[in-house]
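See below for my_file-v4.cif, which holds mmCIF, C-alpha atoms and all ligand atoms.
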data_query
#
loop_
_atom_site.group_PDB
_atom_site.id
_atom_site.type_symbol
_atom_site.label_atom_id
_atom_site.label_comp_id
_atom_site.auth_asym_id
_atom_site.auth_seq_id
_atom_site.Cartn_x
_atom_site.Cartn_y
_atom_site.Cartn_z
ATOM 1 C CA MET A 16 -15.004 -1.457 13.110
ATOM 2 C CA SER A 17 -12.485 -0.390 15.763
ATOM 3 C CA THR A 18 -8.941 -1.727 16.005
ATOM 4 C CA TYR A 19 -9.066 -1.333 19.780
ATOM 5 C CA THR A 20 -10.730 -3.248 22.614
ATOM 6 C CA ILE A 21 -11.306 -1.942 26.120
ATOM 7 C CA ASP A 22 -9.842 -4.119 28.858
ATOM 8 C CA SER A 23 -12.687 -4.196 31.395
ATOM 9 C CA SER A 24 -10.383 -4.877 34.377
ATOM 10 C CA THR A 25 -8.165 -1.808 33.775
ATOM 11 C CA SER A 26 -10.500 0.340 31.622
ATOM 12 C CA ARG A 27 -7.550 0.784 29.258
ATOM 13 C CA ALA A 28 -7.785 0.540 25.483
ATOM 14 C CA ASN A 29 -5.734 -2.326 24.083
ATOM 15 C CA PRO A 30 -4.650 -1.960 20.494
ATOM 16 C CA GLN A 31 -4.949 -5.287 18.673
ATOM 17 C CA PRO A 32 -2.294 -6.333 17.657
ATOM 18 C CA THR A 33 0.058 -4.405 19.958
ATOM 19 C CA PRO A 34 1.650 -1.629 17.864
ATOM 20 C CA GLY A 35 4.721 -1.451 20.100
ATOM 21 C CA LYS A 36 6.026 -4.629 18.503
ATOM 22 C CA ARG A 37 5.851 -3.288 14.991
ATOM 23 C CA LEU A 38 8.580 -1.752 12.918
ATOM 24 C CA THR A 39 8.504 1.974 13.538
ATOM 25 C CA VAL A 40 8.852 5.055 11.365
ATOM 26 C CA PRO A 41 12.365 5.845 12.741
ATOM 27 C CA ALA A 42 13.418 2.219 12.183
ATOM 28 C CA LEU A 43 12.446 2.387 8.500
ATOM 29 C CA ARG A 44 13.906 5.876 8.051
ATOM 30 C CA ASP A 45 17.214 4.523 9.398
ATOM 31 C CA ARG A 46 17.332 1.903 6.634
ATOM 32 C CA LYS A 47 18.689 4.518 4.178
ATOM 33 C CA GLY A 48 21.549 2.804 2.329
ATOM 34 C CA GLY A 49 21.093 -0.337 4.462
ATOM 35 C CA ALA A 50 19.229 -3.610 3.990
ATOM 36 C CA PRO A 51 16.564 -3.094 1.294
ATOM 37 C CA ILE A 52 13.064 -2.362 2.597
ATOM 38 C CA VAL A 53 10.570 -5.046 1.547
ATOM 39 C CA ALA A 54 7.132 -3.612 0.864
ATOM 40 C CA LEU A 55 3.917 -4.962 -0.640
ATOM 41 C CA THR A 56 0.364 -3.721 -0.874
ATOM 42 C CA ALA A 57 -2.333 -5.310 1.295
ATOM 43 C CA TYR A 58 -6.044 -4.571 1.416
ATOM 44 C CA THR A 59 -7.514 -7.384 3.505
ATOM 45 C CA MET A 60 -6.925 -9.070 6.859
ATOM 46 C CA ARG A 61 -5.987 -12.482 5.427
ATOM 47 C CA PHE A 62 -3.520 -11.141 2.885
ATOM 48 C CA ALA A 63 -1.989 -8.999 5.644
ATOM 49 C CA GLN A 64 -1.542 -12.113 7.824
ATOM 50 C CA LEU A 65 0.215 -13.968 5.017
ATOM 51 C CA LEU A 66 2.441 -11.089 3.875
ATOM 52 C CA ASP A 67 3.315 -9.565 7.249
ATOM 53 C CA PRO A 68 6.127 -11.949 8.296
ATOM 54 C CA HIS A 69 7.971 -11.210 5.034
ATOM 55 C CA CYS A 70 7.492 -7.454 4.803
ATOM 56 C CA ASP A 71 8.820 -4.328 6.506
ATOM 57 C CA LEU A 72 6.002 -2.193 5.125
ATOM 58 C CA LEU A 73 2.432 -3.064 4.173
ATOM 59 C CA LEU A 74 0.846 -0.330 2.096
ATOM 60 C CA VAL A 75 -2.923 -0.116 1.922
ATOM 61 C CA GLY A 76 -2.687 1.367 -1.555
ATOM 62 C CA ASP A 77 -5.496 3.179 -3.306
ATOM 63 C CA SER A 78 -4.775 0.657 -6.084
ATOM 64 C CA LEU A 79 -7.507 -1.236 -4.206
ATOM 65 C CA GLY A 80 -9.835 0.793 -6.437
ATOM 66 C CA GLN A 81 -8.863 -1.350 -9.417
ATOM 67 C CA VAL A 82 -7.723 -4.524 -7.619
ATOM 68 C CA ILE A 83 -10.634 -4.950 -5.181
ATOM 69 C CA TYR A 84 -13.445 -2.770 -6.528
ATOM 70 C CA GLY A 85 -12.978 -3.055 -10.309
ATOM 71 C CA LEU A 86 -12.862 0.722 -10.709
ATOM 72 C CA PRO A 87 -11.250 2.183 -13.850
ATOM 73 C CA SER A 88 -8.609 4.156 -11.880
ATOM 74 C CA THR A 89 -7.770 5.290 -8.348
ATOM 75 C CA VAL A 90 -9.649 8.569 -8.832
ATOM 76 C CA PRO A 91 -13.049 7.340 -7.463
ATOM 77 C CA VAL A 92 -11.518 5.751 -4.320
ATOM 78 C CA THR A 93 -12.986 7.189 -1.098
ATOM 79 C CA LEU A 94 -11.712 7.862 2.400
ATOM 80 C CA ASP A 95 -14.243 5.351 3.774
ATOM 81 C CA MET A 96 -12.759 2.606 1.576
ATOM 82 C CA MET A 97 -9.230 3.446 2.732
ATOM 83 C CA CYS A 98 -10.253 3.500 6.405
ATOM 84 C CA ASN A 99 -12.113 0.186 6.236
ATOM 85 C CA HIS A 100 -9.313 -1.656 4.417
ATOM 86 C CA GLY A 101 -6.628 0.052 6.503
ATOM 87 C CA ALA A 102 -8.214 -1.189 9.747
ATOM 88 C CA ALA A 103 -8.494 -4.735 8.320
ATOM 89 C CA VAL A 104 -4.795 -4.767 7.387
ATOM 90 C CA VAL A 105 -3.758 -3.499 10.817
ATOM 91 C CA ARG A 106 -5.865 -6.244 12.423
ATOM 92 C CA GLY A 107 -4.168 -8.857 10.256
ATOM 93 C CA SER A 108 -0.574 -7.812 10.962
ATOM 94 C CA TRP A 109 1.768 -7.298 13.882
ATOM 95 C CA HIS A 110 5.266 -6.900 12.449
ATOM 96 C CA ALA A 111 5.232 -4.612 9.403
ATOM 97 C CA LEU A 112 4.601 -0.900 9.549
ATOM 98 C CA VAL A 113 1.203 -0.239 7.972
ATOM 99 C CA ALA A 114 0.719 2.901 5.859
ATOM 100 C CA VAL A 115 -2.505 3.967 4.164
ATOM 101 C CA ASP A 116 -2.849 5.933 0.919
ATOM 102 C CA MET A 117 -4.704 9.226 1.079
ATOM 103 C CA PRO A 118 -7.239 9.004 -1.761
ATOM 104 C CA PHE A 119 -7.569 11.596 -4.525
ATOM 105 C CA GLY A 120 -9.383 14.716 -3.301
ATOM 106 C CA SER A 121 -8.693 14.126 0.387
ATOM 107 C CA TYR A 122 -5.503 16.214 0.740
ATOM 108 C CA GLU A 123 -4.749 18.454 -2.253
ATOM 109 C CA GLU A 124 -6.952 21.404 -1.236
ATOM 110 C CA SER A 125 -4.902 22.585 1.766
ATOM 111 C CA PRO A 126 -2.587 21.340 4.510
ATOM 112 C CA GLU A 127 -5.536 21.676 6.908
ATOM 113 C CA GLN A 128 -7.750 19.417 4.771
ATOM 114 C CA ALA A 129 -4.881 16.922 4.584
ATOM 115 C CA PHE A 130 -4.403 16.981 8.367
ATOM 116 C CA ARG A 131 -8.121 16.444 9.004
ATOM 117 C CA ASN A 132 -8.277 13.427 6.716
ATOM 118 C CA ALA A 133 -4.875 11.956 7.600
ATOM 119 C CA SER A 134 -5.692 12.115 11.309
ATOM 120 C CA ARG A 135 -8.995 10.342 10.605
ATOM 121 C CA ILE A 136 -7.068 7.596 8.789
ATOM 122 C CA LEU A 137 -4.641 7.122 11.688
ATOM 123 C CA LYS A 138 -7.437 7.180 14.301
ATOM 124 C CA GLU A 139 -9.769 4.768 12.498
ATOM 125 C CA THR A 140 -7.193 2.291 11.216
ATOM 126 C CA GLY A 141 -4.372 2.169 13.747
ATOM 127 C CA ALA A 142 -1.893 2.598 10.860
ATOM 128 C CA ALA A 143 1.314 4.519 11.566
ATOM 129 C CA ALA A 144 1.616 6.624 8.417
ATOM 130 C CA VAL A 145 -0.097 7.938 5.313
ATOM 131 C CA LYS A 146 1.122 8.191 1.735
ATOM 132 C CA LEU A 147 0.242 10.995 -0.631
ATOM 133 C CA GLU A 148 1.125 11.688 -4.252
ATOM 134 C CA GLY A 149 2.819 14.793 -5.603
ATOM 135 C CA GLY A 150 6.074 16.708 -5.483
ATOM 136 C CA GLU A 151 6.792 20.413 -5.130
ATOM 137 C CA ALA A 152 3.071 21.279 -4.979
ATOM 138 C CA MET A 153 2.636 18.975 -1.963
ATOM 139 C CA ALA A 154 5.813 19.925 -0.059
ATOM 140 C CA GLU A 155 4.021 22.385 2.224
ATOM 141 C CA THR A 156 1.428 19.721 3.075
ATOM 142 C CA VAL A 157 4.097 17.091 3.789
ATOM 143 C CA ALA A 158 5.840 19.562 6.149
ATOM 144 C CA PHE A 159 2.523 20.489 7.823
ATOM 145 C CA LEU A 160 1.592 16.851 8.525
ATOM 146 C CA SER A 161 5.117 15.789 9.549
ATOM 147 C CA ALA A 162 5.378 18.661 12.038
ATOM 148 C CA ARG A 163 2.061 17.602 13.590
ATOM 149 C CA GLY A 164 2.790 13.945 14.268
ATOM 150 C CA ILE A 165 1.627 12.396 11.020
ATOM 151 C CA PRO A 166 4.418 10.452 9.307
ATOM 152 C CA VAL A 167 4.196 10.829 5.535
ATOM 153 C CA ILE A 168 5.416 8.678 2.650
ATOM 154 C CA GLY A 169 5.911 10.726 -0.516
ATOM 155 C CA HIS A 170 5.181 9.432 -4.037
ATOM 156 C CA VAL A 171 6.615 11.035 -7.188
ATOM 157 C CA GLY A 172 7.226 10.133 -10.825
ATOM 158 C CA LEU A 173 4.212 8.323 -12.262
ATOM 159 C CA THR A 174 1.429 9.395 -9.911
ATOM 160 C CA PRO A 175 -1.674 7.351 -10.828
ATOM 161 C CA GLN A 176 -4.143 9.767 -9.210
ATOM 162 C CA ALA A 177 -3.060 12.314 -11.859
ATOM 163 C CA VAL A 178 -4.003 9.943 -14.720
ATOM 164 C CA ASN A 179 -6.425 12.475 -16.194
ATOM 165 C CA ALA A 180 -3.757 15.179 -16.293
ATOM 166 C CA LEU A 181 -0.984 12.820 -17.453
ATOM 167 C CA GLY A 182 -3.156 11.146 -20.118
ATOM 168 C CA GLY A 183 -2.126 7.607 -19.155
ATOM 169 C CA TYR A 184 0.276 5.460 -17.174
ATOM 170 C CA ARG A 185 3.427 5.639 -19.308
ATOM 171 C CA ALA A 186 6.797 5.777 -17.530
ATOM 172 C CA ARG A 187 7.980 9.299 -16.742
ATOM 173 C CA GLY A 188 11.199 11.233 -17.260
ATOM 174 C CA ARG A 189 12.138 10.372 -20.839
ATOM 175 C CA ASP A 190 13.170 13.939 -21.656
ATOM 176 C CA ASP A 191 15.491 16.242 -19.720
ATOM 177 C CA ALA A 192 12.793 18.663 -18.572
ATOM 178 C CA GLU A 193 10.589 15.889 -17.167
ATOM 179 C CA ALA A 194 13.592 14.196 -15.532
ATOM 180 C CA ALA A 195 14.632 17.466 -13.865
ATOM 181 C CA LYS A 196 11.068 18.034 -12.627
ATOM 182 C CA ILE A 197 10.880 14.537 -11.067
ATOM 183 C CA LEU A 198 14.190 15.094 -9.277
ATOM 184 C CA ALA A 199 13.003 18.504 -8.043
ATOM 185 C CA ASP A 200 9.766 16.860 -6.823
ATOM 186 C CA ALA A 201 11.695 14.123 -5.020
ATOM 187 C CA ARG A 202 13.957 16.620 -3.280
ATOM 188 C CA ALA A 203 11.060 18.913 -2.349
ATOM 189 C CA VAL A 204 9.009 16.272 -0.517
ATOM 190 C CA ALA A 205 12.103 14.676 1.040
ATOM 191 C CA GLU A 206 13.244 18.067 2.377
ATOM 192 C CA ALA A 207 9.691 18.705 3.592
ATOM 193 C CA GLY A 208 10.052 15.678 5.857
ATOM 194 C CA CYS A 209 8.647 12.529 4.280
ATOM 195 C CA PHE A 210 10.277 9.509 5.915
ATOM 196 C CA LEU A 211 10.058 7.285 2.806
ATOM 197 C CA LEU A 212 9.674 8.219 -0.842
ATOM 198 C CA VAL A 213 8.007 6.032 -3.484
ATOM 199 C CA LEU A 214 9.509 6.457 -6.965
ATOM 200 C CA GLU A 215 7.079 5.009 -9.503
ATOM 201 C CA GLY A 216 7.512 4.436 -13.233
ATOM 202 C CA VAL A 217 10.615 6.531 -13.840
ATOM 203 C CA MET A 218 13.720 6.102 -16.001
ATOM 204 C CA GLU A 219 16.341 4.125 -14.084
ATOM 205 C CA GLU A 220 18.899 6.936 -13.888
ATOM 206 C CA ILE A 221 16.348 9.249 -12.260
ATOM 207 C CA ALA A 222 15.698 6.662 -9.548
ATOM 208 C CA VAL A 223 19.430 6.188 -8.986
ATOM 209 C CA GLU A 224 20.049 9.927 -8.780
ATOM 210 C CA ALA A 225 17.068 10.518 -6.455
ATOM 211 C CA THR A 226 18.198 7.658 -4.207
ATOM 212 C CA ARG A 227 21.710 9.131 -4.104
ATOM 213 C CA THR A 228 20.565 12.647 -3.257
ATOM 214 C CA VAL A 229 17.515 12.464 -0.956
ATOM 215 C CA ALA A 230 17.998 11.847 2.766
ATOM 216 C CA CYS A 231 15.122 9.378 3.242
ATOM 217 C CA PRO A 232 14.958 5.822 1.842
ATOM 218 C CA THR A 233 13.447 5.506 -1.622
ATOM 219 C CA ILE A 234 11.022 2.694 -2.477
ATOM 220 C CA GLY A 235 10.995 1.757 -6.147
ATOM 221 C CA ILE A 236 8.164 0.454 -8.308
ATOM 222 C CA GLY A 237 9.170 0.392 -11.953
ATOM 223 C CA ALA A 238 12.262 2.359 -10.925
ATOM 224 C CA SER A 239 15.616 0.702 -10.030
ATOM 225 C CA ALA A 240 17.081 -2.143 -7.971
ATOM 226 C CA GLN A 241 19.320 0.539 -6.465
ATOM 227 C CA CYS A 242 16.405 2.114 -4.593
ATOM 228 C CA ASP A 243 16.472 1.596 -0.822
ATOM 229 C CA GLY A 244 13.496 -0.754 -1.094
ATOM 230 C CA GLN A 245 10.899 -2.163 -3.497
ATOM 231 C CA ILE A 246 7.117 -2.336 -3.584
ATOM 232 C CA LEU A 247 4.684 -4.118 -5.886
ATOM 233 C CA VAL A 248 0.944 -4.567 -5.943
ATOM 234 C CA THR A 249 0.640 -7.989 -4.302
ATOM 235 C CA GLU A 250 -2.029 -9.299 -6.680
ATOM 236 C CA ASP A 251 0.235 -8.400 -9.635
ATOM 237 C CA MET A 252 3.266 -10.242 -8.292
ATOM 238 C CA LEU A 253 1.100 -13.240 -7.332
ATOM 239 C CA GLY A 254 -0.042 -13.550 -10.946
ATOM 240 C CA LEU A 255 -3.697 -12.857 -10.201
ATOM 241 C CA PHE A 256 -4.059 -10.780 -13.360
ATOM 242 C CA GLU A 257 -3.160 -11.981 -16.857
ATOM 243 C CA ARG A 258 -1.957 -8.526 -17.954
ATOM 244 C CA THR A 259 0.447 -6.606 -15.764
ATOM 245 C CA PRO A 260 2.764 -3.637 -16.314
ATOM 246 C CA ARG A 261 6.268 -4.338 -17.672
ATOM 247 C CA PHE A 262 7.904 -3.660 -14.284
ATOM 248 C CA VAL A 263 6.029 -6.501 -12.545
ATOM 249 C CA ARG A 264 7.688 -9.861 -12.052
ATOM 250 C CA LYS A 265 5.216 -12.660 -11.329
ATOM 251 C CA PHE A 266 6.352 -14.648 -8.306
ATOM 252 C CA GLY A 267 3.282 -16.893 -8.392
ATOM 253 C CA ASP A 268 0.347 -18.044 -10.542
ATOM 254 C CA LEU A 269 -2.661 -17.405 -8.354
ATOM 255 C CA ALA A 270 -4.996 -16.922 -11.329
ATOM 256 C CA GLY A 271 -4.083 -20.396 -12.608
ATOM 257 C CA GLU A 272 -4.451 -22.000 -9.193
ATOM 258 C CA ILE A 273 -7.820 -20.351 -8.523
ATOM 259 C CA SER A 274 -9.141 -21.365 -11.954
ATOM 260 C CA GLN A 275 -7.982 -24.961 -11.446
ATOM 261 C CA ALA A 276 -9.538 -25.131 -7.973
ATOM 262 C CA ALA A 277 -12.850 -23.673 -9.197
ATOM 263 C CA GLU A 278 -12.865 -26.091 -12.139
ATOM 264 C CA ALA A 279 -12.215 -29.080 -9.842
ATOM 265 C CA TYR A 280 -14.948 -27.917 -7.433
ATOM 266 C CA ALA A 281 -17.461 -27.473 -10.265
ATOM 267 C CA ALA A 282 -16.669 -30.960 -11.570
ATOM 268 C CA GLU A 283 -17.192 -32.579 -8.147
ATOM 269 C CA VAL A 284 -20.437 -30.703 -7.477
ATOM 270 C CA THR A 285 -21.716 -31.710 -10.902
ATOM 271 C CA ALA A 286 -20.733 -35.372 -10.318
ATOM 272 C CA ARG A 287 -22.255 -35.301 -6.777
ATOM 273 C CA SER A 288 -18.892 -36.441 -5.378
ATOM 274 C CA PHE A 289 -18.764 -33.339 -3.162
ATOM 275 C CA PRO A 290 -19.595 -33.217 -0.292
ATOM 276 C CA GLY A 291 -18.077 -36.619 0.535
ATOM 277 C CA GLU A 292 -18.147 -38.693 3.715
ATOM 278 C CA GLY A 293 -15.598 -36.376 5.398
ATOM 279 C CA GLN A 294 -17.635 -33.223 4.863
ATOM 280 C CA ILE A 295 -21.118 -34.289 6.038
ATOM 281 C CA TYR A 296 -22.697 -34.630 9.502
ATOM 282 C CA ARG A 297 -24.391 -37.792 10.796
ATOM 283 C CA PRO A 298 -25.859 -38.404 14.236
ATOM 284 C CA LYS A 299 -23.260 -39.899 16.603
ATOM 285 C CA ALA A 300 -23.688 -43.679 16.822
HETATM 286 O O1 LIG B 1 -1.708 2.404 -4.652
HETATM 287 C C1 LIG B 1 -0.692 1.696 -4.617
HETATM 288 O O2 LIG B 1 -0.776 0.477 -4.539
HETATM 289 C C2 LIG B 1 0.600 2.374 -4.662
HETATM 290 C C3 LIG B 1 1.844 1.575 -4.748
HETATM 291 C C4 LIG B 1 1.901 0.434 -5.591
HETATM 292 C C5 LIG B 1 3.083 2.372 -4.677
HETATM 293 O O3 LIG B 1 0.646 3.549 -4.587
#
Show how you would write the structure in this file as structure tokens.
Ligand code: KIV
Amino acid sequence: MSTYTIDSSTSRANPQPTPGKRLTVPALRDRKGGAPIVALTAYTMRFAQLLDPHCDLLLVGDSLGQVIYGLPSTVPVTLDMMCNHGAAVVRGSWHALVAVDMPFGSYEESPEQAFRNASRILKETGAAAVKLEGGEAMAETVAFLSARGIPVIGHVGLTPQAVNALGGYRARGRDDAEAAKILADARAVAEAGCFLLVLEGVMEEIAVEATRTVACPTIGIGASAQCDGQILVTEDMLGLFERTPRFVRKFGDLAGEISQAAEAYAAEVTARSFPGEGQIYRPKA
């Protein structure tokens, strides 16, 4: 579904909501060393509506593979999924900058493949930026997209799309060689032009050093409070899942609330006390 309507009196396309009111790429880039950037994932219109007033950045993460679709990893996530959820999040928000993850297999082959798929994401969703995983190997692609009007968020450290190569989701950078590689990756994509850089699942000192040395703001997840901003998977921080990674702090207990509500509903249906007088229709007297 399109994020645009045509105004029949002027024949002009009206983006809904108006993107001009949103936080922009330059505005977030300028937050380096300033007020921390607040970011959360969002995959649906309603969550976007609720999160938007509190966030600078809403990321339509490919974590939707596990969170929404019950997939075993982000590897099977498709471009169609990202476009559909990206458009829903744009429709549900007006303030935060919306960025959409490029799914595994949609950008690694060549800068040209990445441009084709990133431009499709921006056209179909109305989002302002894409995020892609990888360091030195992706620097050329980040430069190619950035030079052609596609703002890119980098993502280094623990890169979940590489789970098969990494052998799991353990935090990265415990030994000197791995730490040096993560820092080299961070610098490579930052120098290639990404306007934000996600640092995921890395030893704290790596995050601090990357934040100190790269020009763009860093966004930590399992990284450090000294990053220029933080992101979490919303459903994790809302307590929707019993088991979460160590770096998640639960700011709510949605799983408990949903279970209680479902239990109360089931009890009332069973007792025939729902629907009650207030929820049924009778002919007007
Ligand atoms: O897919 C995702 O949700 C992410 C973030 C949590 C950084 O990449």
Enumerate residues in contact with ligand LIG 1 (chain B): an atom-to-atom distance of at most 7 Å, counting only C-alpha atoms and all ligand atoms. Format the result as a PyMOL selection string.
chain A and resi 56+74-79+116+213+215+236+246-248
Centre, x/y/z edge lengths, axis-aligned box for stretch 292-298 of chain A with 4 Å per side, as lines of an AutoDock Vina configuration file:
center_x = -20.7
center_y = -36.0
center_z = 9.0
size_x = 18.3
size_y = 13.5
size_z = 18.5
Of A:Pro91, A:Gly120, A:Gln245, A:Thr226, the one sitting nearest A:Leu73 when using all atoms listed in the file is A:Gln245
Neighbours of stretch 141-154 of chain A within 6 Å (all atoms listed in the file; same-chain residues fewer than 5 positions away dropped), as a PDB file with C-alpha atoms, keeping the file's coordinate frame?
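What follows is the written file around18.pdb:
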ATOM      1  CA  VAL A 113       1.203  -0.239   7.972  1.00  0.00           C
ATOM      2  CA  ALA A 114       0.719   2.901   5.859  1.00  0.00           C
ATOM      3  CA  VAL A 115      -2.505   3.967   4.164  1.00  0.00           C
ATOM      4  CA  ASP A 116      -2.849   5.933   0.919  1.00  0.00           C
ATOM      5  CA  MET A 117      -4.704   9.226   1.079  1.00  0.00           C
ATOM      6  CA  PRO A 166       4.418  10.452   9.307  1.00  0.00           C
ATOM      7  CA  VAL A 167       4.196  10.829   5.535  1.00  0.00           C
ATOM      8  CA  ILE A 168       5.416   8.678   2.650  1.00  0.00           C
ATOM      9  CA  GLY A 169       5.911  10.726  -0.516  1.00  0.00           C
ATOM     10  CA  HIS A 170       5.181   9.432  -4.037  1.00  0.00           C
ATOM     11  CA  VAL A 171       6.615  11.035  -7.188  1.00  0.00           C
ATOM     12  CA  ASP A 200       9.766  16.860  -6.823  1.00  0.00           C
ATOM     13  CA  ALA A 203      11.060  18.913  -2.349  1.00  0.00           C
ATOM     14  CA  VAL A 204       9.009  16.272  -0.517  1.00  0.00           C
ATOM     15  CA  ALA A 207       9.691  18.705   3.592  1.00  0.00           C
TER      16      ALA A 207
END
At what distance in Å, to one decimal, does atom CA of A:Gly107 lie from atom CA of A:Asp95?
18.6 Å
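From atom CA of A:Ala240 back to atom CA of A:Phe62, the distance works out to 25.0 Å.
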For the PyMOL selection byres (((chain A and resi 71) around 6) and not hetatm), applied here, can you spell out every residue it catches as an mmCIF file with C-alpha atoms, in the frame of the given file?
data_model
loop_
_atom_site.group_PDB
_atom_site.id
_atom_site.type_symbol
_atom_site.label_atom_id
_atom_site.label_comp_id
_atom_site.auth_asym_id
_atom_site.auth_seq_id
_atom_site.Cartn_x
_atom_site.Cartn_y
_atom_site.Cartn_z
ATOM 1 C CA VAL A 53 10.570 -5.046 1.547
ATOM 2 C CA ALA A 54 7.132 -3.612 0.864
ATOM 3 C CA CYS A 70 7.492 -7.454 4.803
ATOM 4 C CA LEU A 72 6.002 -2.193 5.125
ATOM 5 C CA ALA A 111 5.232 -4.612 9.403
#
Rank A:Leu253, A:Leu160, A:Ile21, A:Cys98 by their smallest atom-to-atom distance to A:Phe210, using all atoms listed in the file, and report the top residue only.
A:Leu160
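Restricting the calculation to all atoms listed in the file, the smallest distance between A:Arg61 and any of A:Met97, A:Asp22, A:Arg106, A:Cys209 is found for A:Arg106.
Between atom CA of A:Gly271 and atom CA of A:Thr259 the separation is 14.9 Å.
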Counting only C-alpha atoms, what is within 7 Å of A:His110, bar same-chain residues fewer than 2 positions away, as a PyMOL selection string?
chain A and resi 36-38+67-68+108+112
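Nearest residue to A:Arg135 among A:Thr156, A:Tyr58, A:Asn99, A:Glu292 is A:Asn99, counting only C-alpha atoms.
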Evaluating the PyMOL selection byres (((chain A and resi 80) around 9) and not hetatm) on the displayed file yields which residues, as a ChimeraX atom specification?
/A:76-79,81-93,96
Go ahead and save the picked residues with C-alpha atoms, as a PDB file, in the coordinates of the input.
ATOM      1  CA  GLY A  76      -2.687   1.367  -1.555  1.00  0.00           C
ATOM      2  CA  ASP A  77      -5.496   3.179  -3.306  1.00  0.00           C
ATOM      3  CA  SER A  78      -4.775   0.657  -6.084  1.00  0.00           C
ATOM      4  CA  LEU A  79      -7.507  -1.236  -4.206  1.00  0.00           C
ATOM      5  CA  GLN A  81      -8.863  -1.350  -9.417  1.00  0.00           C
ATOM      6  CA  VAL A  82      -7.723  -4.524  -7.619  1.00  0.00           C
ATOM      7  CA  ILE A  83     -10.634  -4.950  -5.181  1.00  0.00           C
ATOM      8  CA  TYR A  84     -13.445  -2.770  -6.528  1.00  0.00           C
ATOM      9  CA  GLY A  85     -12.978  -3.055 -10.309  1.00  0.00           C
ATOM     10  CA  LEU A  86     -12.862   0.722 -10.709  1.00  0.00           C
ATOM     11  CA  PRO A  87     -11.250   2.183 -13.850  1.00  0.00           C
ATOM     12  CA  SER A  88      -8.609   4.156 -11.880  1.00  0.00           C
ATOM     13  CA  THR A  89      -7.770   5.290  -8.348  1.00  0.00           C
ATOM     14  CA  VAL A  90      -9.649   8.569  -8.832  1.00  0.00           C
ATOM     15  CA  PRO A  91     -13.049   7.340  -7.463  1.00  0.00           C
ATOM     16  CA  VAL A  92     -11.518   5.751  -4.320  1.00  0.00           C
ATOM     17  CA  THR A  93     -12.986   7.189  -1.098  1.00  0.00           C
ATOM     18  CA  MET A  96     -12.759   2.606   1.576  1.00  0.00           C
TER      19      MET A  96
END
Nearest residue to A:Ala158 from the set A:Pro126, A:Pro118, A:Gly254, A:Gly208 (distances using only C-alpha atoms):
A:Gly208
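Around A:Ser121, within 9 Å and counting all atoms listed in the file, the residues found are Thr93, Leu94, Met117, Gln128, Ala129, Arg131, Asn132 and Ala133 of chain A, once anything fewer than 4 positions away on its own chain is removed.
The residues returned by the PyMOL selection byres (((chain A and resi 237) around 7) and not hetatm) on the shown structure are A:Glu215, A:Gly216, A:Val217, A:Gly235, A:Ile236, A:Ala238, A:Ser239, A:Phe262.
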